[in-house]
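Here is start_26.txt, consisting of compact mmCIF, C-alpha atoms:
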# COMPACT_ATOMS: atom_id res chain seq x y z
CA MET A 286 164.90 205.29 62.27
CA HIS A 287 162.61 207.59 64.22
CA LEU A 288 159.85 208.75 61.89
CA PRO A 289 159.10 212.46 62.21
CA ASP A 290 155.56 213.72 61.73
CA GLY A 291 154.60 214.38 58.15
CA PHE A 292 156.11 211.31 56.46
CA LEU A 293 153.00 209.29 57.30
CA ASN A 294 149.45 210.31 56.50
CA ASN A 295 146.96 210.60 59.33
CA GLN A 296 145.17 207.31 58.66
CA MET A 297 148.44 205.43 58.84
CA ALA A 298 149.69 207.28 61.92
CA VAL A 299 146.44 206.93 63.85
CA SER A 300 145.99 203.24 63.01
CA LEU A 301 149.48 202.53 64.23
CA ILE A 302 148.88 204.49 67.42
CA ALA A 303 145.94 202.17 68.04
CA VAL A 304 148.03 199.07 67.34
CA ALA A 305 150.85 200.29 69.59
CA GLY A 306 148.36 201.23 72.30
CA VAL A 307 146.74 197.80 72.32
CA PHE A 308 150.05 195.95 72.51
CA LEU A 309 151.58 198.25 75.12
CA THR A 310 148.49 197.97 77.32
CA SER A 311 148.37 194.21 77.11
CA ALA A 312 152.12 194.01 77.76
CA PHE A 313 151.63 196.16 80.83
CA PHE A 314 148.85 193.96 82.22
CA LYS A 315 150.83 190.81 81.53
CA LEU A 316 153.71 192.19 83.57
CA LYS A 317 151.43 193.47 86.28
CA GLN A 318 149.85 190.06 86.60
CA SER A 319 153.09 188.18 86.92
CA TRP A 320 155.09 190.59 89.05
CA PHE A 321 152.63 192.43 91.24
CA VAL A 322 150.50 190.89 93.98
CA ARG A 323 147.65 192.31 95.96
CA VAL A 324 148.25 192.13 99.66
CA ALA A 325 145.92 192.89 102.53
CA VAL A 326 146.99 195.68 104.78
CA VAL A 327 145.42 195.42 108.22
CA LYS A 328 145.31 198.73 110.02
CA ASN A 329 148.19 199.77 107.79
CA LYS A 330 150.54 197.59 109.78
CA LEU A 331 150.25 193.92 109.07
CA ALA A 332 150.28 192.59 105.51
CA LEU A 333 149.13 189.06 104.75
CA ALA A 334 149.30 187.68 101.22
CA ASP A 335 145.82 186.73 100.04
CA GLY A 336 144.98 185.23 103.42
CA VAL A 337 142.67 187.63 105.10
CA SER A 338 138.97 187.73 104.44
CA ALA A 339 137.14 191.00 104.51
CA GLU A 340 137.52 192.30 108.00
CA ALA A 341 137.08 195.76 109.23
CA GLY A 342 140.22 197.80 108.78
CA VAL A 343 141.60 195.73 105.95
CA SER A 344 142.59 197.45 102.76
CA TRP A 345 144.10 195.93 99.66
CA ARG A 346 147.03 197.28 97.80
CA TRP A 347 149.41 196.26 95.05
CA THR A 348 153.02 195.54 95.68
CA LEU A 349 155.84 193.96 93.70
CA THR A 350 156.89 190.40 94.41
CA LEU A 351 160.58 189.91 95.14
CA LYS A 352 161.20 188.66 91.62
CA GLY A 353 158.98 191.37 90.22
CA HIS A 354 160.99 193.98 92.04
CA GLN A 355 164.22 192.70 90.53
CA ARG A 356 162.75 192.53 87.04
CA TRP A 357 161.18 195.98 87.25
CA ARG A 358 164.47 197.46 88.43
CA LEU A 359 166.27 195.74 85.59
CA MET A 360 163.75 197.17 83.13
CA GLY A 361 164.51 200.67 84.41
CA VAL A 362 168.27 200.38 84.02
CA ILE A 363 168.09 198.59 80.67
CA GLY A 364 165.75 201.34 79.46
CA ALA A 365 168.26 203.94 80.61
CA LEU A 366 171.07 202.06 78.86
CA ILE A 367 169.14 201.80 75.60
CA PHE A 368 168.27 205.49 75.73
CA ALA A 369 171.95 206.36 76.13
CA ALA A 370 173.08 203.95 73.42
CA GLN A 371 170.50 205.33 70.99
CA MET A 372 172.07 208.79 71.35
CA ILE A 373 175.43 207.60 70.12
CA ASN A 374 175.27 207.67 66.34
CA PHE A 375 178.08 205.85 64.59
CA PRO A 376 179.14 206.51 61.00
CA VAL A 377 178.24 203.70 58.60
CA ALA A 378 179.01 205.21 55.22
CA GLN A 379 180.20 208.56 53.91
CA GLY A 380 177.67 211.07 55.21
CA THR A 381 175.37 208.55 56.89
CA SER A 382 175.19 207.40 60.47
CA GLY A 383 173.23 204.79 62.31
CA HIS A 384 172.39 204.20 65.91
CA PHE A 385 171.57 201.36 68.23
CA LEU A 386 167.88 200.38 68.51
CA GLY A 387 168.08 197.89 71.35
CA GLY A 388 164.96 195.88 70.54
CA VAL A 389 166.70 192.52 70.59
CA LEU A 390 168.83 193.47 73.59
CA ALA A 391 165.72 194.42 75.58
CA ALA A 392 163.78 191.34 74.51
CA VAL A 393 166.41 188.65 75.08
CA VAL A 394 167.32 190.09 78.48
CA LEU A 395 163.86 191.07 79.71
CA GLY A 396 161.49 188.93 77.67
CA PRO A 397 159.34 190.11 74.76
CA TRP A 398 156.67 192.02 76.68
CA ALA A 399 158.93 193.74 79.17
CA GLY A 400 161.18 194.49 76.20
CA LEU A 401 158.30 196.09 74.33
CA MET A 402 157.41 198.21 77.38
CA VAL A 403 161.00 199.39 77.71
CA ILE A 404 161.36 200.32 74.04
CA GLY A 405 157.94 201.97 74.12
CA LEU A 406 158.84 204.13 77.11
CA VAL A 407 162.20 205.10 75.63
CA LEU A 408 160.45 206.16 72.42
CA ILE A 409 157.83 208.15 74.35
CA VAL A 410 160.54 210.02 76.26
CA GLN A 411 162.49 210.68 73.05
CA SER A 412 159.44 212.02 71.29
CA LEU A 413 157.99 214.17 74.07
CA MET A 414 161.20 215.47 75.64
CA PHE A 415 163.63 215.59 72.76
CA ALA A 416 161.36 215.85 69.72
CA ASP A 417 163.15 212.80 68.30
CA GLY A 418 160.37 211.04 66.44
CA GLY A 419 157.03 212.75 65.79
CA VAL A 420 154.19 212.72 68.29
CA LEU A 421 151.69 211.42 65.75
CA ALA A 422 154.32 209.02 64.42
CA LEU A 423 154.91 207.63 67.90
CA GLY A 424 152.60 204.68 67.23
CA ALA A 425 154.50 203.83 64.05
CA ASN A 426 157.84 204.10 65.81
CA ILE A 427 156.66 201.83 68.64
CA VAL A 428 155.36 199.32 66.11
CA ASN A 429 158.60 199.36 64.08
CA MET A 430 161.16 199.37 66.86
CA GLY A 431 159.16 197.74 69.66
CA LEU A 432 156.71 195.33 68.11
CA VAL A 433 158.72 194.33 65.03
CA ALA A 434 162.26 194.61 66.41
CA ALA A 435 161.78 193.62 70.07
CA VAL A 436 158.80 191.22 70.14
CA GLY A 437 159.36 189.96 66.59
CA GLY A 438 163.08 189.71 67.24
CA TYR A 439 162.49 187.71 70.40
CA TYR A 440 160.43 185.03 68.69
CA LEU A 441 162.82 184.95 65.75
CA TYR A 442 165.66 184.37 68.19
CA ARG A 443 163.74 181.61 69.99
CA ALA A 444 162.90 179.91 66.71
CA GLY A 445 166.50 180.26 65.60
CA VAL A 446 167.89 178.69 68.76
CA LYS A 447 165.39 175.85 68.48
CA PHE A 448 165.57 175.02 64.77
CA ILE A 449 168.87 176.29 63.42
CA LYS A 450 171.01 175.20 66.37
CA LEU A 451 173.42 178.06 66.13
CA GLY A 452 175.11 179.30 69.27
CA ARG A 453 173.03 181.65 71.39
CA PHE A 454 175.20 184.66 70.83
CA LEU A 455 175.57 184.04 67.12
CA MET A 456 171.79 183.85 66.99
CA ILE A 457 171.41 187.04 69.04
CA GLY A 458 173.74 188.89 66.69
CA LEU A 459 172.00 187.54 63.62
CA THR A 460 168.58 188.44 64.97
CA ALA A 461 169.71 191.92 65.96
CA TRP A 462 170.94 192.51 62.41
CA LEU A 463 167.74 191.10 60.89
CA THR A 464 165.42 193.13 63.12
CA VAL A 465 167.01 196.41 62.08
CA VAL A 466 166.44 195.48 58.44
CA MET A 467 162.88 194.32 59.22
CA ALA A 468 162.08 197.50 61.13
CA SER A 469 163.45 199.61 58.29
CA LEU A 470 161.28 197.72 55.79
CA PHE A 471 158.18 198.31 57.92
CA CYS A 472 159.18 201.95 58.11
CA ALA A 473 159.59 202.10 54.32
CA LEU A 474 156.24 200.36 53.75
CA GLU A 475 154.45 202.82 56.04
CA ILE A 476 156.01 205.76 54.20
CA GLY A 477 155.13 204.22 50.84
CA TRP A 478 151.55 203.45 51.84
CA SER A 479 151.13 206.98 53.09
CA GLY A 480 151.91 208.18 49.59
CA ALA A 481 154.96 210.23 50.56
CA ILE A 482 157.07 208.50 47.94
CA SER A 483 156.83 205.43 45.72
CA PHE A 484 157.62 202.01 47.14
CA ALA A 485 160.13 201.45 44.37
CA LEU A 486 162.23 204.36 45.57
CA VAL A 487 161.98 204.06 49.33
CA ILE A 488 162.18 200.32 49.92
CA PRO A 489 165.53 199.55 48.25
CA ALA A 490 167.11 202.69 49.72
CA MET A 491 165.99 201.89 53.28
CA PHE A 492 166.94 198.23 52.85
CA LYS A 493 170.48 198.93 51.64
CA ILE A 494 171.53 201.40 54.28
CA HIS A 495 170.04 199.36 57.12
CA LEU A 496 171.94 196.26 56.04
CA LEU A 497 174.98 198.25 57.18
CA ILE A 498 173.42 199.83 60.27
CA GLY A 499 172.23 196.38 61.34
CA LEU A 500 175.84 195.19 61.56
CA GLY A 501 176.46 197.80 64.23
CA GLU A 502 173.33 196.66 66.03
CA ALA A 503 174.50 193.05 65.98
CA ALA A 504 177.94 193.90 67.35
CA LEU A 505 176.63 196.26 70.03
CA THR A 506 173.92 193.88 71.21
CA VAL A 507 176.39 191.06 71.76
CA ILE A 508 179.07 193.32 73.25
CA LEU A 509 176.67 194.95 75.71
CA ILE A 510 175.25 191.61 76.90
CA LYS A 511 178.73 190.13 77.31
CA ALA A 512 180.42 193.18 78.82
CA LEU A 513 177.67 193.86 81.35
CA LYS A 514 177.20 190.12 81.98
CA LEU A 515 173.47 190.40 81.42
CA LYS A 516 171.55 187.22 82.06
CA LEU A 517 169.35 186.03 79.22
CA TYR A 518 165.64 185.83 79.87
CA GLU A 519 164.31 182.35 80.65
CA GLU A 520 160.65 181.61 80.15
CA MET B 74 181.28 206.09 87.76
CA LYS B 75 182.71 203.72 85.25
CA ASN B 76 184.90 201.83 87.64
CA LYS B 77 183.23 198.58 86.86
CA SER B 78 185.51 196.31 88.83
CA THR B 79 184.52 197.65 92.24
CA GLY B 80 182.10 194.75 92.61
CA LEU B 81 183.26 191.88 94.73
CA PRO B 82 184.80 189.38 92.32
CA GLY B 83 183.74 186.28 94.21
CA VAL B 84 180.09 187.19 94.67
CA ARG B 85 179.33 188.05 91.10
CA GLU B 86 176.88 185.20 90.68
CA SER B 87 175.13 185.77 94.00
CA HIS B 88 171.49 186.75 94.25
CA SER B 89 172.23 190.36 94.95
CA ALA B 90 170.39 191.94 92.05
CA LYS B 91 171.51 195.42 92.92
CA ALA B 92 175.17 195.42 91.94
CA PRO B 93 174.72 194.64 88.22
CA ASP B 94 171.85 197.10 88.04
CA LYS B 95 174.04 199.88 89.37
CA LEU B 96 176.75 198.95 86.90
CA ILE B 97 174.27 199.12 84.02
CA LEU B 98 172.98 202.49 85.19
CA ALA B 99 176.54 203.78 85.55
CA TRP B 100 177.28 202.80 81.96
CA ALA B 101 174.04 204.38 80.82
CA LEU B 102 175.04 207.64 82.49
CA PHE B 103 178.51 207.40 80.98
CA GLY B 104 177.01 206.79 77.53
CA GLY B 105 174.42 209.55 77.81
CA GLY B 106 176.71 212.06 79.52
CA VAL B 107 180.08 211.45 77.86
CA LEU B 108 180.00 209.20 74.79
CA SER B 109 176.97 211.03 73.37
CA VAL B 110 179.17 214.10 72.89
CA PHE B 111 181.20 212.15 70.33
CA ALA B 112 178.21 210.85 68.39
CA SER B 113 178.32 211.21 64.62
CA ALA B 114 176.40 214.26 63.43
CA TRP B 115 175.68 212.72 60.04
CA PRO B 116 172.01 212.03 59.28
CA ASP B 117 170.80 208.55 60.21
CA GLY B 118 169.58 205.97 57.72
CA LEU B 119 166.03 207.26 57.42
CA GLU B 120 167.06 210.93 57.29
CA LYS B 121 169.60 210.11 54.60
CA VAL B 122 167.04 208.25 52.52
CA ALA B 123 164.63 211.17 52.89
CA GLU B 124 167.36 213.53 51.63
CA ALA B 125 168.40 211.31 48.76
CA LYS B 126 164.81 210.73 47.63
CA TYR B 127 163.71 214.32 48.21
CA PHE B 128 160.99 213.94 50.82
CA THR B 129 162.72 215.59 53.79
CA ALA B 130 160.50 218.64 53.27
CA LEU B 131 157.42 216.62 54.20
CA ALA B 132 158.54 216.51 57.83
CA VAL B 133 156.53 218.75 60.13
CA SER B 134 156.67 219.32 63.85
CA HIS B 135 153.55 219.28 66.02
CA TRP B 136 155.48 219.49 69.24
CA PRO B 137 158.88 221.08 69.76
CA GLY B 138 159.88 218.96 72.75
CA LEU B 139 161.52 220.38 75.84
CA MET B 140 165.07 219.74 74.66
CA PRO B 141 165.03 219.55 70.87
CA ASN B 142 168.05 217.91 69.22
CA TYR B 143 169.25 216.55 72.54
CA ALA B 144 170.56 219.90 73.68
CA TRP B 145 169.80 221.42 77.07
CA PRO B 146 168.32 224.81 76.12
CA GLY B 147 170.28 227.95 76.89
CA ILE B 148 173.62 226.24 77.43
CA GLY B 149 176.39 227.72 75.34
CA PRO B 150 178.96 225.02 74.66
CA GLU B 151 177.37 222.41 72.44
CA TRP B 152 179.13 219.50 74.13
CA LEU B 153 177.83 220.55 77.53
CA ALA B 154 174.26 220.97 76.29
CA THR B 155 174.42 217.48 74.76
CA ALA B 156 175.95 215.91 77.86
CA LEU B 157 173.33 217.46 80.15
CA ALA B 158 170.48 216.41 77.88
CA GLY B 159 171.90 212.88 77.77
CA LEU B 160 172.14 212.66 81.54
CA ALA B 161 168.64 214.08 81.90
CA GLY B 162 167.23 211.55 79.45
CA VAL B 163 168.91 208.59 81.11
CA LEU B 164 167.63 209.65 84.54
CA LEU B 165 164.19 210.38 83.13
CA VAL B 166 163.79 206.89 81.65
CA PHE B 167 165.03 205.32 84.87
CA GLY B 168 162.80 207.58 86.95
CA LEU B 169 159.76 206.83 84.83
CA PHE B 170 159.94 203.16 85.82
CA LYS B 171 160.16 204.16 89.48
CA LEU B 172 157.17 206.43 88.99
CA ILE B 173 155.06 203.70 87.38
CA GLU B 174 155.92 201.38 90.25
CA LEU B 175 154.83 204.01 92.78
CA ILE B 176 151.58 204.66 90.95
CA ILE B 177 150.70 200.95 90.87
CA ARG B 178 151.47 200.65 94.57
CA ARG B 179 149.20 203.53 95.39
CA ALA B 180 146.32 202.18 93.36
The structure given in the file should be rewritten as structure tokens.
Amino acid sequence: MHLPDGFLNNQMAVSLIAVAGVFLTSAFFKLKQSWFVRVAVVKNKLALADGVSAEAGVSWRWTLTLKGHQRWRLMGVIGALIFAAQMINFPVAQGTSGHFLGGVLAAVVLGPWAGLMVIGLVLIVQSLMFADGGVLALGANIVNMGLVAAVGGYYLYRAGVKFIKLGRFLMIGLTAWLTVVMASLFCALEIGWSGAISFALVIPAMFKIHLLIGLGEAALTVILIKALKLKLYEE
Amino acid sequence: MKNKSTGLPGVRESHSAKAPDKLILAWALFGGGVLSVFASAWPDGLEKVAEAKYFTALAVSHWPGLMPNYAWPGIGPEWLATALAGLAGVLLVFGLFKLIELIIRRA
């Protein structure tokens, strides 16, 4: 579902870059606040957490907390996993393939904001290194697959667990399927609004094929979490 | 690489965060370096819709990327080019998180 450049007009692409930028930045600062601490380094030898007042020879620097270190590491490997899984297209209908997005996987394992960061970074690498997804369309792709699928998917999953009382994994699968369809609808709306093609043509077509692709997403999300024994994120 | 049962069976639930991380990375490398070779070459959902509704031609490229189409440039066999690009991408994403951590620590 990676939009190339050219499907969106410039107004649409640039607005979505701004939206993606704002959310990615705030996600980054949220994570930095909860997982990094500033420690005092005295003569580059002794570090005391927040205890030392301004003395000569004291400098401040950022470091990860123990929990932060674990979470950051997990983000790196989950990002790597999602990148790999996104490469593996699976056939869904004659002549059409789909691939894993990983928004819900990232969000239910890492939390919504870490999930958004991971999907954002994967999309940036795909666009800049592999020309998969346009550079100008990067904002749109981050909005569709990160903001809608990962962050949106996370809150949908939480609401589902709370109000529908389905099992966690049933809910994860259901959300994964829904987010692919949601992301594809956002994608279709952006294309339609840009004037590339009429809404009436693009929306039903995107909707139908992603109903199928979403089934793969649901299965893969649950299988990966179970097989790798990933712990679900707790607030 | 993909020998996932090397971990100590009894300590699976311990606080050692490293073992599962390594397992995940190993699977990522396996996916990017091996399974990616067998990926379907059919167009994905969006590409297919663009074909069916005749707007594929609108696509332009402002930036060719360093390894377009997930193929390591200059490598003959297609499967090898794909496998190398997959491995590179997996390591790049993983490395990027390390890099960000280092940059924050320096700041």
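Of the listed residues A:Gly499, A:Gly342, A:Gly396, A:Gly437, the one whose atoms come nearest to chain B is A:Gly499, with distances taken using all atoms listed in the file.
Across the model, the gap from atom CA of Leu386 of chain A to atom CA of Val410 of chain A is 14.4 Å.
Closest approach to Leu474 of chain A from the set A:Ala434, A:Ala325, A:Leu390, A:Ala425 is made by A:Ala425, with distances taken over all atoms listed in the file.
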Within 7 Å of chain B, which residues of chain A are there when counting all atoms listed in the file? Please give them as a VMD selection string. chain A and resid 286 289 to 292 346 to 348 355 359 361 to 362 364 to 366 368 to 370 372 to 376 380 to 383 407 413 to 416 419 to 420 490 to 491 494 to 495 513
With C-alpha atoms retained, write the just-selected residues as a short mmCIF file (atom, residue, chain, number, x, y, z; two decimals), in the frame of the given file.
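Writing done, so here's selection-v3.cif:
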data_model
loop_
_atom_site.label_atom_id
_atom_site.label_comp_id
_atom_site.auth_asym_id
_atom_site.auth_seq_id
_atom_site.Cartn_x
_atom_site.Cartn_y
_atom_site.Cartn_z
CA MET A 286 164.90 205.29 62.27
CA PRO A 289 159.10 212.46 62.21
CA ASP A 290 155.56 213.72 61.73
CA GLY A 291 154.60 214.38 58.15
CA PHE A 292 156.11 211.31 56.46
CA ARG A 346 147.03 197.28 97.80
CA TRP A 347 149.41 196.26 95.05
CA THR A 348 153.02 195.54 95.68
CA GLN A 355 164.22 192.70 90.53
CA LEU A 359 166.27 195.74 85.59
CA GLY A 361 164.51 200.67 84.41
CA VAL A 362 168.27 200.38 84.02
CA GLY A 364 165.75 201.34 79.46
CA ALA A 365 168.26 203.94 80.61
CA LEU A 366 171.07 202.06 78.86
CA PHE A 368 168.27 205.49 75.73
CA ALA A 369 171.95 206.36 76.13
CA ALA A 370 173.08 203.95 73.42
CA MET A 372 172.07 208.79 71.35
CA ILE A 373 175.43 207.60 70.12
CA ASN A 374 175.27 207.67 66.34
CA PHE A 375 178.08 205.85 64.59
CA PRO A 376 179.14 206.51 61.00
CA GLY A 380 177.67 211.07 55.21
CA THR A 381 175.37 208.55 56.89
CA SER A 382 175.19 207.40 60.47
CA GLY A 383 173.23 204.79 62.31
CA VAL A 407 162.20 205.10 75.63
CA LEU A 413 157.99 214.17 74.07
CA MET A 414 161.20 215.47 75.64
CA PHE A 415 163.63 215.59 72.76
CA ALA A 416 161.36 215.85 69.72
CA GLY A 419 157.03 212.75 65.79
CA VAL A 420 154.19 212.72 68.29
CA ALA A 490 167.11 202.69 49.72
CA MET A 491 165.99 201.89 53.28
CA ILE A 494 171.53 201.40 54.28
CA HIS A 495 170.04 199.36 57.12
CA LEU A 513 177.67 193.86 81.35
#
Pick out the residues sitting within 12 Å of Ile510 of chain A, and hand them over as a ChimeraX atom specification; count all atoms listed in the file, and ignore anything fewer than 4 positions along from it in its own chain. /A:363,366-367,387,389-395,453-454,457-458,503-506,514-518 /B:93,97
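Note that atom CA of Ile508 of chain A and atom CA of Ala156 of chain B are 23.3 Å apart.
Between atom CA of Leu401 of chain A and atom CA of Ala435 of chain A there is a distance of 6.0 Å.
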Residues near Leu496 of chain A, anyone? I mean within 8 Å using only C-alpha atoms, not counting same-chain ones fewer than 3 positions away, as a list in words. Trp462, Val465, Val466, Phe492, Lys493, Gly499 and Leu500 of chain A
Restricting the output to C-alpha atoms, write the selected residues as a CSV table (one decimal), in the coordinates of the input.
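This went into part.csv:
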chain,number,residue,atom,x,y,z
A,462,TRP,CA,170.9,192.5,62.4
A,465,VAL,CA,167.0,196.4,62.1
A,466,VAL,CA,166.4,195.5,58.4
A,492,PHE,CA,166.9,198.2,52.8
A,493,LYS,CA,170.5,198.9,51.6
A,499,GLY,CA,172.2,196.4,61.3
A,500,LEU,CA,175.8,195.2,61.6
All file atoms of segment 439-454 of chain A boxed axis-aligned, 4 Å per side, centre plus edges, as AutoDock Vina command-line options:
--center_x 167.8 --center_y 181.4 --center_z 67.4 --size_x 22.8 --size_y 20.7 --size_z 16.0
